[in-house]
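A.B. asks: My structure is stored as final-v3.cif, with mmCIF, C-alpha atoms.
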```
data_structure
loop_
_atom_site.label_atom_id
_atom_site.label_comp_id
_atom_site.auth_asym_id
_atom_site.auth_seq_id
_atom_site.Cartn_x
_atom_site.Cartn_y
_atom_site.Cartn_z
CA MET A 1 6.96 2.90 25.14
CA PHE A 2 4.99 -0.01 23.66
CA PRO A 3 6.93 -3.31 24.04
CA SER A 4 6.06 -6.05 21.59
CA LYS A 5 4.55 -8.18 24.34
CA THR A 6 2.01 -5.52 25.13
CA ARG A 7 0.87 -4.46 21.68
CA LYS A 8 -2.66 -3.38 22.45
CA TRP A 9 -5.03 -0.91 20.93
CA LEU A 10 -5.99 2.04 23.07
CA PRO A 11 -9.06 1.24 25.17
CA CYS A 12 -11.14 3.85 23.38
CA ALA A 13 -10.83 1.83 20.16
CA LEU A 14 -13.64 -0.47 21.18
CA LEU A 15 -15.90 2.47 21.95
CA VAL A 16 -15.11 4.58 18.90
CA LEU A 17 -16.14 1.92 16.41
CA ALA A 18 -18.57 -0.12 18.45
CA THR A 19 -21.41 1.10 16.27
CA GLY A 20 -19.78 -0.48 13.24
CA SER A 21 -20.01 -4.05 14.53
CA SER A 22 -23.31 -4.52 12.75
CA LEU A 23 -21.88 -3.52 9.39
CA ALA A 24 -21.42 -7.06 8.17
CA GLN A 25 -24.99 -7.98 9.10
CA THR A 26 -26.49 -5.00 7.27
CA ALA A 27 -24.09 -5.00 4.32
CA PRO A 28 -25.69 -4.75 0.87
CA SER A 29 -26.02 -7.83 -1.23
CA ALA A 30 -23.54 -8.65 -3.98
CA SER A 31 -26.16 -7.90 -6.65
CA SER A 32 -26.52 -4.32 -5.43
CA LEU A 33 -22.76 -3.81 -5.77
CA GLN A 34 -22.54 -5.33 -9.23
CA SER A 35 -24.18 -2.30 -10.81
CA VAL A 36 -20.92 -0.35 -10.62
CA THR A 37 -19.71 0.68 -14.04
CA ALA A 38 -16.25 -0.43 -15.02
CA GLY A 39 -14.04 -1.10 -17.99
CA PRO A 40 -12.01 -4.16 -18.92
CA LEU A 41 -9.46 -3.31 -16.22
CA SER A 42 -10.38 -4.50 -12.72
CA LEU A 43 -9.14 -2.93 -9.51
CA LYS A 44 -7.22 -6.11 -8.63
CA GLN A 45 -5.49 -6.12 -12.00
CA ALA A 46 -4.60 -2.44 -11.66
CA PHE A 47 -3.11 -3.03 -8.22
CA ASP A 48 -1.10 -6.08 -9.27
CA THR A 49 0.33 -4.18 -12.24
CA ALA A 50 1.13 -1.09 -10.18
CA TRP A 51 2.78 -3.09 -7.39
CA ALA A 52 4.99 -4.98 -9.83
CA ARG A 53 6.37 -1.59 -10.94
CA GLN A 54 7.24 -0.40 -7.44
CA PRO A 55 10.88 -0.34 -6.25
CA GLU A 56 9.94 -2.27 -3.10
CA ALA A 57 8.54 -5.12 -5.19
CA GLU A 58 11.62 -5.36 -7.38
CA SER A 59 14.02 -5.28 -4.42
CA SER A 60 12.03 -7.60 -2.14
CA SER A 61 13.84 -10.79 -3.16
CA ALA A 62 17.24 -9.18 -2.60
CA ARG A 63 16.16 -7.94 0.83
CA ARG A 64 14.96 -11.41 1.79
CA GLU A 65 18.30 -12.87 0.74
CA ALA A 66 20.11 -10.23 2.82
CA ALA A 67 17.99 -11.05 5.87
CA SER A 68 18.66 -14.76 5.39
CA ALA A 69 22.41 -14.09 5.11
CA ARG A 70 22.38 -12.07 8.33
CA ARG A 71 20.62 -14.90 10.13
CA ALA A 72 23.13 -17.42 8.82
CA SER A 73 25.98 -15.17 9.99
CA ALA A 74 24.46 -15.04 13.47
CA ASP A 75 24.36 -18.85 13.56
CA SER A 76 28.10 -19.08 12.91
CA TRP A 77 30.36 -20.32 15.70
CA THR A 78 32.74 -17.40 15.21
CA ALA A 79 32.03 -13.69 15.38
CA GLU A 80 33.98 -13.08 12.15
CA PRO A 81 35.47 -15.43 9.55
CA MET A 82 38.64 -17.17 10.72
CA ALA A 83 41.97 -15.98 9.32
CA LEU A 84 44.99 -18.02 8.26
CA GLU A 85 48.47 -16.65 9.05
CA LEU A 86 51.61 -17.85 7.21
CA SER A 87 55.17 -16.66 7.76
CA SER A 88 58.68 -17.84 6.94
CA LYS A 89 62.07 -16.59 8.17
CA GLY A 90 65.59 -17.54 7.06
CA ASP A 91 69.14 -16.30 6.56
CA GLN A 92 69.41 -17.02 2.86
CA LEU A 93 70.29 -13.41 2.05
CA ASN A 94 72.91 -12.64 4.73
CA GLY A 95 74.93 -15.74 5.40
CA ASN A 96 72.93 -18.79 4.56
CA ASP A 97 74.04 -20.71 7.59
CA GLY A 98 70.91 -22.83 7.51
CA SER A 99 68.74 -20.89 9.97
CA ARG A 100 65.09 -21.43 9.14
CA GLU A 101 61.72 -20.75 10.77
CA HIS A 102 58.26 -21.50 9.32
CA ASN A 103 55.04 -20.52 11.06
CA VAL A 104 51.43 -21.50 10.32
CA GLY A 105 48.66 -19.98 12.46
CA LEU A 106 44.91 -19.65 12.68
CA ALA A 107 43.12 -16.60 14.17
CA ILE A 108 39.60 -17.34 15.48
CA PRO A 109 37.40 -14.31 16.41
CA LEU A 110 35.30 -15.13 19.45
CA TRP A 111 31.82 -13.95 20.44
CA LEU A 112 31.52 -11.69 23.44
CA PRO A 113 29.34 -13.06 26.27
CA GLY A 114 25.70 -12.85 25.12
CA GLU A 115 26.62 -11.36 21.74
CA ARG A 116 25.74 -14.35 19.60
CA SER A 117 22.19 -14.77 20.90
CA ARG A 118 21.52 -11.04 20.66
CA THR A 119 22.91 -10.91 17.13
CA GLY A 120 20.52 -13.71 16.17
CA ALA A 121 17.63 -11.80 17.74
CA VAL A 122 18.54 -8.70 15.70
CA ALA A 123 18.67 -10.80 12.51
CA GLU A 124 15.24 -12.30 13.19
CA ALA A 125 13.77 -8.88 13.94
CA GLU A 126 15.26 -7.47 10.74
CA ALA A 127 13.79 -10.34 8.70
CA GLN A 128 10.35 -9.66 10.17
CA SER A 129 10.76 -5.92 9.61
CA THR A 130 11.69 -6.51 5.97
CA ALA A 131 8.48 -8.44 5.40
CA SER A 132 6.29 -5.90 7.22
CA ARG A 133 7.85 -2.98 5.34
CA ALA A 134 6.97 -4.68 2.08
CA SER A 135 3.36 -5.14 3.25
CA ALA A 136 3.16 -1.48 4.28
CA ALA A 137 4.48 -0.48 0.86
CA GLN A 138 1.81 -2.64 -0.76
CA LEU A 139 -0.89 -0.88 1.26
CA ARG A 140 0.44 2.56 0.26
CA THR A 141 0.38 1.49 -3.38
CA ALA A 142 -3.16 0.17 -2.93
CA ALA A 143 -4.28 3.57 -1.62
CA GLU A 144 -2.91 5.35 -4.69
CA VAL A 145 -4.40 2.79 -7.08
CA ARG A 146 -7.80 2.84 -5.42
CA GLU A 147 -8.04 6.61 -5.58
CA ALA A 148 -6.95 6.78 -9.24
CA TYR A 149 -9.04 3.78 -10.26
CA TRP A 150 -12.33 5.02 -8.85
CA GLN A 151 -11.72 8.51 -10.20
CA TRP A 152 -11.25 6.94 -13.61
CA GLN A 153 -14.43 4.93 -13.21
CA ARG A 154 -16.33 8.03 -12.16
CA SER A 155 -15.04 9.87 -15.22
CA ARG A 156 -16.16 7.00 -17.44
CA VAL A 157 -19.65 7.18 -15.96
CA GLU A 158 -19.74 10.94 -16.46
CA ALA A 159 -18.54 10.64 -20.06
CA SER A 160 -21.01 7.87 -20.91
CA LEU A 161 -23.99 9.70 -19.41
CA ALA A 162 -22.96 13.01 -20.99
CA SER A 163 -22.75 11.30 -24.37
CA GLU A 164 -26.19 9.79 -23.84
CA ARG A 165 -27.58 13.18 -22.84
CA GLU A 166 -26.05 14.75 -25.94
CA GLY A 167 -27.69 12.12 -28.16
CA ASN A 168 -31.09 12.63 -26.54
CA ALA A 169 -30.79 16.41 -26.88
CA ARG A 170 -29.90 16.16 -30.55
CA GLN A 171 -32.80 13.80 -31.21
CA LEU A 172 -35.19 16.16 -29.42
CA ALA A 173 -33.85 19.11 -31.41
CA ALA A 174 -34.40 17.16 -34.64
CA ASP A 175 -37.98 16.33 -33.63
CA VAL A 176 -38.67 19.98 -32.78
CA ALA A 177 -37.23 21.07 -36.12
CA LYS A 178 -39.64 18.75 -37.95
CA ARG A 179 -42.60 20.09 -36.01
CA VAL A 180 -41.51 23.67 -36.70
CA LYS A 181 -41.51 22.92 -40.41
CA SER A 182 -44.99 21.45 -40.12
CA GLY A 183 -46.17 24.54 -38.25
CA GLU A 184 -46.89 22.78 -34.98
CA LEU A 185 -44.21 24.71 -33.04
CA ALA A 186 -42.70 28.16 -33.25
CA LEU A 187 -39.16 28.97 -34.41
CA ALA A 188 -38.32 30.06 -30.86
CA ASP A 189 -38.95 26.51 -29.72
CA GLN A 190 -36.42 25.25 -32.25
CA HIS A 191 -33.83 27.75 -31.01
CA GLN A 192 -34.43 26.65 -27.45
CA ALA A 193 -34.07 22.95 -28.35
CA GLU A 194 -30.90 23.58 -30.33
CA GLY A 195 -29.49 25.62 -27.42
CA ALA A 196 -30.11 22.69 -25.11
CA ALA A 197 -28.34 20.39 -27.57
CA ALA A 198 -25.35 22.75 -27.72
CA LEU A 199 -25.17 22.81 -23.92
CA ALA A 200 -25.22 18.99 -23.83
CA GLU A 201 -22.43 18.96 -26.40
CA ILE A 202 -20.31 21.23 -24.19
CA GLU A 203 -20.88 19.00 -21.17
CA ALA A 204 -19.95 15.91 -23.18
CA ALA A 205 -16.69 17.53 -24.31
CA ARG A 206 -15.83 18.43 -20.72
CA ALA A 207 -16.56 14.89 -19.58
CA ARG A 208 -14.33 13.44 -22.28
CA SER A 209 -11.52 15.75 -21.23
CA ALA A 210 -11.92 14.74 -17.57
CA LEU A 211 -11.89 11.08 -18.63
CA ALA A 212 -8.64 11.55 -20.52
CA THR A 213 -7.06 13.22 -17.48
CA ALA A 214 -8.19 10.45 -15.13
CA ALA A 215 -6.92 7.79 -17.53
CA GLN A 216 -3.51 9.45 -17.61
CA GLN A 217 -3.37 9.54 -13.81
CA LEU A 218 -4.08 5.83 -13.68
CA ARG A 219 -1.55 5.28 -16.44
CA SER A 220 1.18 6.82 -14.25
CA LEU A 221 0.62 3.94 -11.81
CA ILE A 222 0.09 0.96 -14.10
CA GLY A 223 2.27 2.02 -17.02
CA THR A 224 -0.35 1.81 -19.76
CA LEU A 225 -3.66 3.44 -20.55
CA PRO A 226 -6.53 1.46 -19.00
CA GLY A 227 -8.86 -0.29 -21.40
CA GLY A 228 -12.16 1.44 -22.06
CA SER A 229 -10.74 4.92 -21.49
CA GLU A 230 -12.39 6.12 -24.67
CA GLU A 231 -16.00 7.16 -24.70
CA THR A 232 -17.75 3.82 -24.72
CA ALA A 233 -20.66 2.39 -22.83
CA PRO A 234 -19.17 1.01 -19.59
CA GLY A 235 -19.69 -2.58 -18.66
CA VAL A 236 -20.69 -3.91 -15.26
CA VAL A 237 -18.35 -5.29 -12.59
CA ALA A 238 -18.65 -5.93 -8.87
CA GLY A 239 -16.83 -3.77 -6.38
CA GLU A 240 -14.63 -5.18 -3.65
CA PRO A 241 -16.14 -7.49 -1.02
CA VAL A 242 -17.58 -5.64 1.95
CA PRO A 243 -15.35 -6.35 4.98
CA ALA A 244 -16.69 -7.26 8.40
CA LEU A 245 -15.45 -5.02 11.18
CA PRO A 246 -13.89 -7.10 13.99
CA ALA A 247 -15.34 -6.86 17.47
CA ASP A 248 -11.86 -6.54 18.99
CA PHE A 249 -9.33 -4.22 17.38
CA ALA A 250 -6.35 -5.38 19.47
CA GLY A 251 -5.39 -7.83 16.72
CA LEU A 252 -4.96 -5.04 14.20
CA ASP A 253 -1.65 -4.12 15.87
CA THR A 254 -0.08 -7.07 14.11
CA GLN A 255 -2.51 -7.37 11.21
CA HIS A 256 -2.54 -3.80 9.93
CA PRO A 257 0.59 -3.34 7.77
CA ALA A 258 1.06 0.34 8.63
CA VAL A 259 1.20 -0.31 12.39
CA ALA A 260 3.00 -3.64 12.14
CA ALA A 261 5.83 -2.09 10.11
CA LEU A 262 6.43 0.56 12.77
CA LEU A 263 6.27 -1.94 15.62
CA ASP A 264 8.71 -4.25 13.85
CA GLN A 265 11.00 -1.31 13.24
CA ALA A 266 10.89 -0.52 16.95
CA GLU A 267 11.63 -4.17 17.72
CA VAL A 268 14.75 -4.05 15.53
CA ALA A 269 15.92 -0.93 17.36
CA ARG A 270 15.32 -2.52 20.77
CA ARG A 271 17.23 -5.65 19.79
CA SER A 272 20.05 -3.50 18.45
CA ALA A 273 20.20 -1.61 21.74
CA GLU A 274 20.44 -4.91 23.63
CA LEU A 275 23.25 -6.00 21.33
CA ALA A 276 25.07 -2.71 21.89
CA ARG A 277 25.00 -3.30 25.65
CA VAL A 278 27.16 -6.42 25.34
CA GLN A 279 29.45 -5.13 22.60
CA THR A 280 31.62 -3.23 25.04
CA ARG A 281 34.79 -3.93 23.05
CA ALA A 282 36.02 -5.48 19.83
CA ASN A 283 35.83 -9.24 19.59
CA PRO A 284 38.69 -11.20 21.21
CA GLU A 285 40.71 -13.55 19.06
CA LEU A 286 41.97 -17.02 19.81
CA THR A 287 45.21 -17.81 17.98
CA LEU A 288 46.57 -21.27 17.34
CA SER A 289 49.88 -21.66 15.51
CA THR A 290 52.60 -24.20 14.87
CA THR A 291 56.23 -23.31 14.30
CA ARG A 292 58.91 -25.39 12.61
CA GLU A 293 62.42 -24.01 13.04
CA ARG A 294 66.09 -24.93 13.15
CA GLU A 295 69.32 -23.26 14.14
CA PRO A 296 72.47 -23.49 12.01
CA GLY A 297 73.74 -27.02 12.08
CA GLU A 298 70.74 -28.27 14.03
CA SER A 299 67.73 -30.36 12.96
CA TYR A 300 64.20 -28.98 12.76
CA ASP A 301 62.19 -28.52 15.97
CA GLU A 302 58.42 -28.06 16.08
CA SER A 303 56.38 -26.10 18.64
CA LEU A 304 52.69 -25.30 19.19
CA THR A 305 51.51 -21.88 20.35
CA LEU A 306 48.08 -21.09 21.83
CA GLY A 307 47.22 -17.46 22.57
CA ILE A 308 44.36 -15.02 22.99
CA ARG A 309 44.05 -11.37 21.97
CA ILE A 310 41.69 -9.24 24.13
CA PRO A 311 41.05 -5.66 22.93
CA PHE A 312 40.34 -2.91 25.44
CA GLY A 313 36.82 -1.48 25.59
CA SER A 314 35.66 1.89 24.29
CA GLY A 315 32.92 3.15 26.58
CA SER A 316 32.04 6.30 24.63
CA ARG A 317 31.68 4.47 21.34
CA ASN A 318 29.48 1.82 22.95
CA ARG A 319 27.27 4.40 24.65
CA ALA A 320 26.78 6.21 21.34
CA LYS A 321 25.62 3.01 19.59
CA GLN A 322 23.30 2.11 22.44
CA ALA A 323 21.79 5.59 22.73
CA THR A 324 21.21 5.78 18.97
CA ALA A 325 19.40 2.42 18.93
CA GLU A 326 17.24 3.37 21.92
CA ALA A 327 16.35 6.70 20.29
CA GLU A 328 15.28 4.89 17.12
CA ALA A 329 13.14 2.52 19.19
CA ILE A 330 11.41 5.41 20.98
CA GLU A 331 10.79 7.21 17.70
CA ALA A 332 9.28 4.13 16.03
CA GLU A 333 7.05 3.43 19.04
CA VAL A 334 5.73 7.00 19.09
CA GLN A 335 5.06 6.79 15.37
CA ALA A 336 3.17 3.53 15.93
CA ARG A 337 1.04 5.18 18.63
CA LEU A 338 0.21 8.09 16.33
CA ALA A 339 -0.56 5.64 13.52
CA ARG A 340 -3.03 3.83 15.79
CA GLU A 341 -4.83 7.06 16.59
CA ARG A 342 -4.92 8.08 12.93
CA LEU A 343 -6.26 4.67 11.89
CA LEU A 344 -9.06 4.88 14.44
CA GLY A 345 -10.19 8.14 12.86
CA GLU A 346 -9.87 6.74 9.36
CA LEU A 347 -11.87 3.64 10.29
CA GLU A 348 -14.68 5.70 11.78
CA ALA A 349 -14.75 8.08 8.81
CA ALA A 350 -14.71 5.18 6.33
CA ARG A 351 -17.55 3.42 8.16
CA LEU A 352 -19.71 6.56 8.16
CA GLU A 353 -18.91 7.19 4.50
CA PHE A 354 -19.94 3.65 3.59
CA GLU A 355 -23.24 3.86 5.46
CA SER A 356 -23.99 7.24 3.86
CA ALA A 357 -23.19 5.90 0.39
CA ARG A 358 -25.46 2.91 0.94
CA ALA A 359 -28.36 5.20 1.94
CA GLN A 360 -27.74 7.44 -1.05
CA VAL A 361 -27.93 4.50 -3.45
CA THR A 362 -31.40 3.60 -2.23
CA ALA A 363 -32.70 7.16 -2.55
CA ALA A 364 -30.97 7.83 -5.88
CA GLU A 365 -32.30 4.64 -7.47
CA LYS A 366 -35.83 5.50 -6.36
CA ARG A 367 -35.53 9.01 -7.80
CA ALA A 368 -34.12 7.67 -11.08
CA ARG A 369 -36.99 5.20 -11.45
CA LEU A 370 -39.62 7.88 -10.83
CA ALA A 371 -37.88 10.38 -13.12
CA GLN A 372 -37.68 7.83 -15.91
CA GLU A 373 -41.39 7.07 -15.59
CA SER A 374 -42.22 10.79 -15.62
CA ARG A 375 -40.01 11.25 -18.68
CA GLY A 376 -42.06 8.65 -20.52
CA PHE A 377 -45.33 10.38 -19.56
CA PHE A 378 -44.21 13.85 -20.64
CA GLU A 379 -42.56 12.58 -23.82
CA LYS A 380 -45.87 11.10 -24.90
CA SER A 381 -47.86 14.19 -23.94
CA PHE A 382 -45.35 16.42 -25.79
CA ARG A 383 -45.87 14.42 -28.98
CA LEU A 384 -49.60 14.83 -28.55
CA GLY A 385 -49.18 18.58 -28.08
CA GLU A 386 -50.40 18.54 -24.49
CA THR A 387 -47.04 19.72 -23.01
CA ASP A 388 -44.99 22.72 -24.03
CA LEU A 389 -41.29 22.53 -24.91
CA PRO A 390 -39.88 24.20 -21.75
CA THR A 391 -41.62 21.59 -19.59
CA ARG A 392 -40.39 18.82 -21.89
CA LEU A 393 -36.80 20.10 -21.63
CA ARG A 394 -37.05 20.40 -17.85
CA ILE A 395 -38.32 16.84 -17.48
CA GLU A 396 -35.59 15.58 -19.80
CA LEU A 397 -32.94 17.33 -17.72
CA GLU A 398 -34.36 15.96 -14.47
CA ALA A 399 -34.44 12.40 -15.81
CA THR A 400 -30.85 12.66 -17.05
CA ASP A 401 -29.68 14.12 -13.76
CA ALA A 402 -31.48 11.43 -11.75
CA LYS A 403 -29.92 8.68 -13.85
CA ARG A 404 -26.48 10.26 -13.43
CA GLN A 405 -26.95 10.59 -9.68
CA ALA A 406 -28.00 6.95 -9.33
CA ALA A 407 -25.02 5.71 -11.34
CA LEU A 408 -22.58 7.83 -9.36
CA ALA A 409 -24.18 6.78 -6.07
CA ARG A 410 -23.56 3.12 -6.91
CA LEU A 411 -20.01 3.91 -7.85
CA ASP A 412 -19.49 5.94 -4.66
CA GLN A 413 -20.70 2.97 -2.67
CA ALA A 414 -18.07 0.75 -4.29
CA ALA A 415 -15.41 3.42 -3.67
CA ALA A 416 -16.52 3.70 -0.04
CA THR A 417 -16.11 -0.07 0.31
CA SER A 418 -12.56 0.28 -0.98
CA SER A 419 -11.91 3.08 1.52
CA LEU A 420 -13.17 0.90 4.35
CA ARG A 421 -10.93 -1.97 3.27
CA GLN A 422 -8.02 0.44 2.99
CA ALA A 423 -8.58 1.66 6.55
CA LEU A 424 -8.61 -1.95 7.75
CA GLY A 425 -5.31 -2.62 5.95
CA LEU A 426 -6.80 -4.98 3.34
CA LEU A 427 -5.43 -5.16 -0.20
CA PRO A 428 -7.66 -5.02 -3.32
CA GLU A 429 -9.55 -8.16 -4.26
#
```
Since I need it in another form, could you write the structure as structure tokens?
C.D. replies:
Amino acid sequence: MFPSKTRKWLPCALLVLATGSSLAQTAPSASSLQSVTAGPLSLKQAFDTAWARQPEAESSSARREAASARRASADSWTAEPMALELSSKGDQLNGNDGSREHNVGLAIPLWLPGERSRTGAVAEAEAQSTASRASAAQLRTAAEVREAYWQWQRSRVEASLASEREGNARQLAADVAKRVKSGELALADQHQAEGAAALAEIEAARARSALATAAQQLRSLIGTLPGGSEETAPGVVAGEPVPALPADFAGLDTQHPAVAALLDQAEVARRSAELARVQTRANPELTLSTTREREPGESYDESLTLGIRIPFGSGSRNRAKQATAEAEAIEAEVQARLARERLLGELEAARLEFESARAQVTAAEKRARLAQESRGFFEKSFRLGETDLPTRLRIELEATDAKRQAALARLDQAAATSSLRQALGLLPE
């Protein structure tokens, strides 16, 4: 059991992620993150569009109104709405001797001892639970959007680089063909260059197909195809801000939507169980009525009646309601505990993934710079006839692969930042 007053992270939380406390100090600069390729659609725009399409977003206003109505009902002075009773009796049909009786009464349902305050507590807990469930639904939507968005961005990078590689291969094949005609190279060299161009064309077609698939997956979330899904040179956009890991994770019990929703659900169940303990019977009713009557030949007399109706209790029904509420509270608390443990693992994995991605960016950018310089050297020596075609093709392939690896490493770093923010319960920015 984890009562709301003692919402604490497990003690091992501070030890598991203690090594991540320096993440904010060693985080990469904004300029290093701005080299991520992207299209006109930003991650924040994709999330906002996807969330607006979710059932939870469309029903949120109605749920808030329902919670407000429940709270207003709990503030009422009566357990149920009052009822008006009207009756009239006479002998008009069997003698008409002038006997008349008219009755006007009011039935007022009364709260059981302690029921009103506990009903208000349940209404407040339900209002809080409604808000936290919406936040948890937003976080689940963010996870789906982040995964689809970065897969789409990766496919755009792949398609752009494959197209560039195809263009370079075709240009090289054209240059080799000219040199074959001039007698500088053999026909076998031309076949080899054209084979490399055909291979690049195959890779470009595969990349375009993967891009179309990724765009359709993102479309299923946002409703429309994302801009820039065709094979175009991607622009540049910054990834999400790098979050700072807190030194104390106890606050995440109430800040992380996934855990907060479960804890609020448990709170509703506990309050419902407390309410069931006092609802041992149906609500009593206070009745107040006035009667105006006359006997044959007499004048009208008026009387006032005050009464109370007290139903008998039903122990079995009350125990069933109470046991059900307590079982729901236990279930929600166990789920919250398991969610804590899962989040600890996700936080640690996300932190390690981010640090690995940051190291890969540094190495990949260095390799891409060196490969590009080597490509320039060998391209010049090939034109001068100092390098054979197989070496030229190998250097071209290495330079293209290094450039691709550097671009994907930068994108993976941005995706790792999103994963870290997701593990911390932060929405896209």
A.B. asks: How many Å lie between atom CA of A:Asp301 and atom CA of A:Ser87, rounded to one decimal?
C.D. replies: 16.0 Å
A.B. asks: Between A:Ala142, A:Leu218, A:Val176, A:Ala50, which residue has the minimum interatomic distance to A:Glu429, considering all atoms listed in the file?
C.D. replies: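 Ranked by minimum distance to A:Glu429, first place goes to A:Ala142.
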A.B. asks: Which is closest to A:Leu288 among A:Leu424, A:Ala349, A:Ala186, A:Leu304, if we use only C-alpha atoms?
C.D. replies: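 Result for the nearest residue to A:Leu288: A:Leu304.
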A.B. asks: Expand the PyMOL selection byres ((chain A and resi 151) around 10) into the individual residues it matches in the shown file, reporting them as a PyMOL selection string.
C.D. replies: chain A and resi 145-150+152-157+210-211+213-215+217-218+411-412+415
A.B. asks: From the set A:Arg421, A:Arg64, A:Arg351, A:Lys181, which residue has the shortest atom-to-atom contact distance to A:Ser129, counting only C-alpha atoms?
C.D. replies: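 That would be A:Arg64, the residue with the smallest distance to A:Ser129.
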A.B. asks: Could you check the closest approach to A:Glu295 for each of A:Glu158, A:Glu101, A:Glu365, A:Glu115 and tell me which residue wins, using only C-alpha atoms?
C.D. replies: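 Nearest to A:Glu295: A:Glu101.
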A.B. asks: In Å, with one decimal, what is the gap from atom CA of A:Leu397 to atom CA of A:Arg165?
C.D. replies: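 Value for the atom CA of A:Leu397-atom CA of A:Arg165 distance: 8.5 Å.
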A.B. asks: Within 10 Å of A:Leu172, counting only C-alpha atoms, which residues show up once you throw out same-chain ones fewer than 6 positions away? Write them as a list of chain:residue names, please.
C.D. replies: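 Neighbouring residues, sequence-local ones excluded: A:Glu166, A:Lys178, A:Gln190, A:Ala193, A:Glu194, A:Ala196, A:Ala197, A:Glu379, A:Leu389, A:Arg392, A:Leu393, A:Glu396.
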A.B. asks: At what distance in Å, to one decimal, does atom CA of A:Glu164 lie from atom CA of A:Leu187?
C.D. replies: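 So the two atoms, atom CA of A:Leu187 and atom CA of A:Glu164, lie 25.5 Å apart.
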A.B. asks: With all atoms listed in the file as the atoms that count, which of A:Gln128, A:Asn103, A:Asn96, A:Thr280 lies nearest to A:Arg71?
C.D. replies: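 So, comparing all the options, the nearest one is A:Gln128.
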A.B. asks: I'd like the residues picked by the PyMOL selection byres ((chain A and resi 85) around 7) written out as a ChimeraX atom specification, using the chain letters and numbers from the file.
C.D. replies: /A:83-84,86-87,104-106
A.B. asks: Nearest residue to A:Ser132 out of A:Glu267, A:Glu298, A:Glu201, A:Glu346, using all atoms listed in the file?
C.D. replies: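 Of the candidates, the smallest distance to A:Ser132 is held by A:Glu267.
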A.B. asks: I would like the residues chosen by the PyMOL selection byres ((chain A and resi 127) around 9) on the shown file; could you give them as a list in words?
C.D. replies: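 For this structure, the PyMOL selection byres ((chain A and resi 127) around 9) resolves to Arg63, Arg64, Ala66, Ala67, Ser68, Arg70, Arg71, Val122, Ala123, Glu124, Ala125, Glu126, Gln128, Ser129, Thr130, Ala131 and Ser132 of chain A.
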A.B. asks: Can you tell me, as a PyMOL selection string, which residues sit within 7 Å of (-35.5, 10.4, -15.6) in the file's frame, using all atoms listed in the file?
C.D. replies: chain A and resi 368-375+396+398-400+402-403
A.B. asks: Which polymer residues have any atom within 7 Å of an atom of A:Val259, counting only C-alpha atoms, with same-chain residues fewer than 4 positions away left out, as a list of chain:residue names?
C.D. replies: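 Surrounding residues, per the criterion: A:Asp253, A:Leu263, A:Ala336, A:Ala339, A:Arg340.
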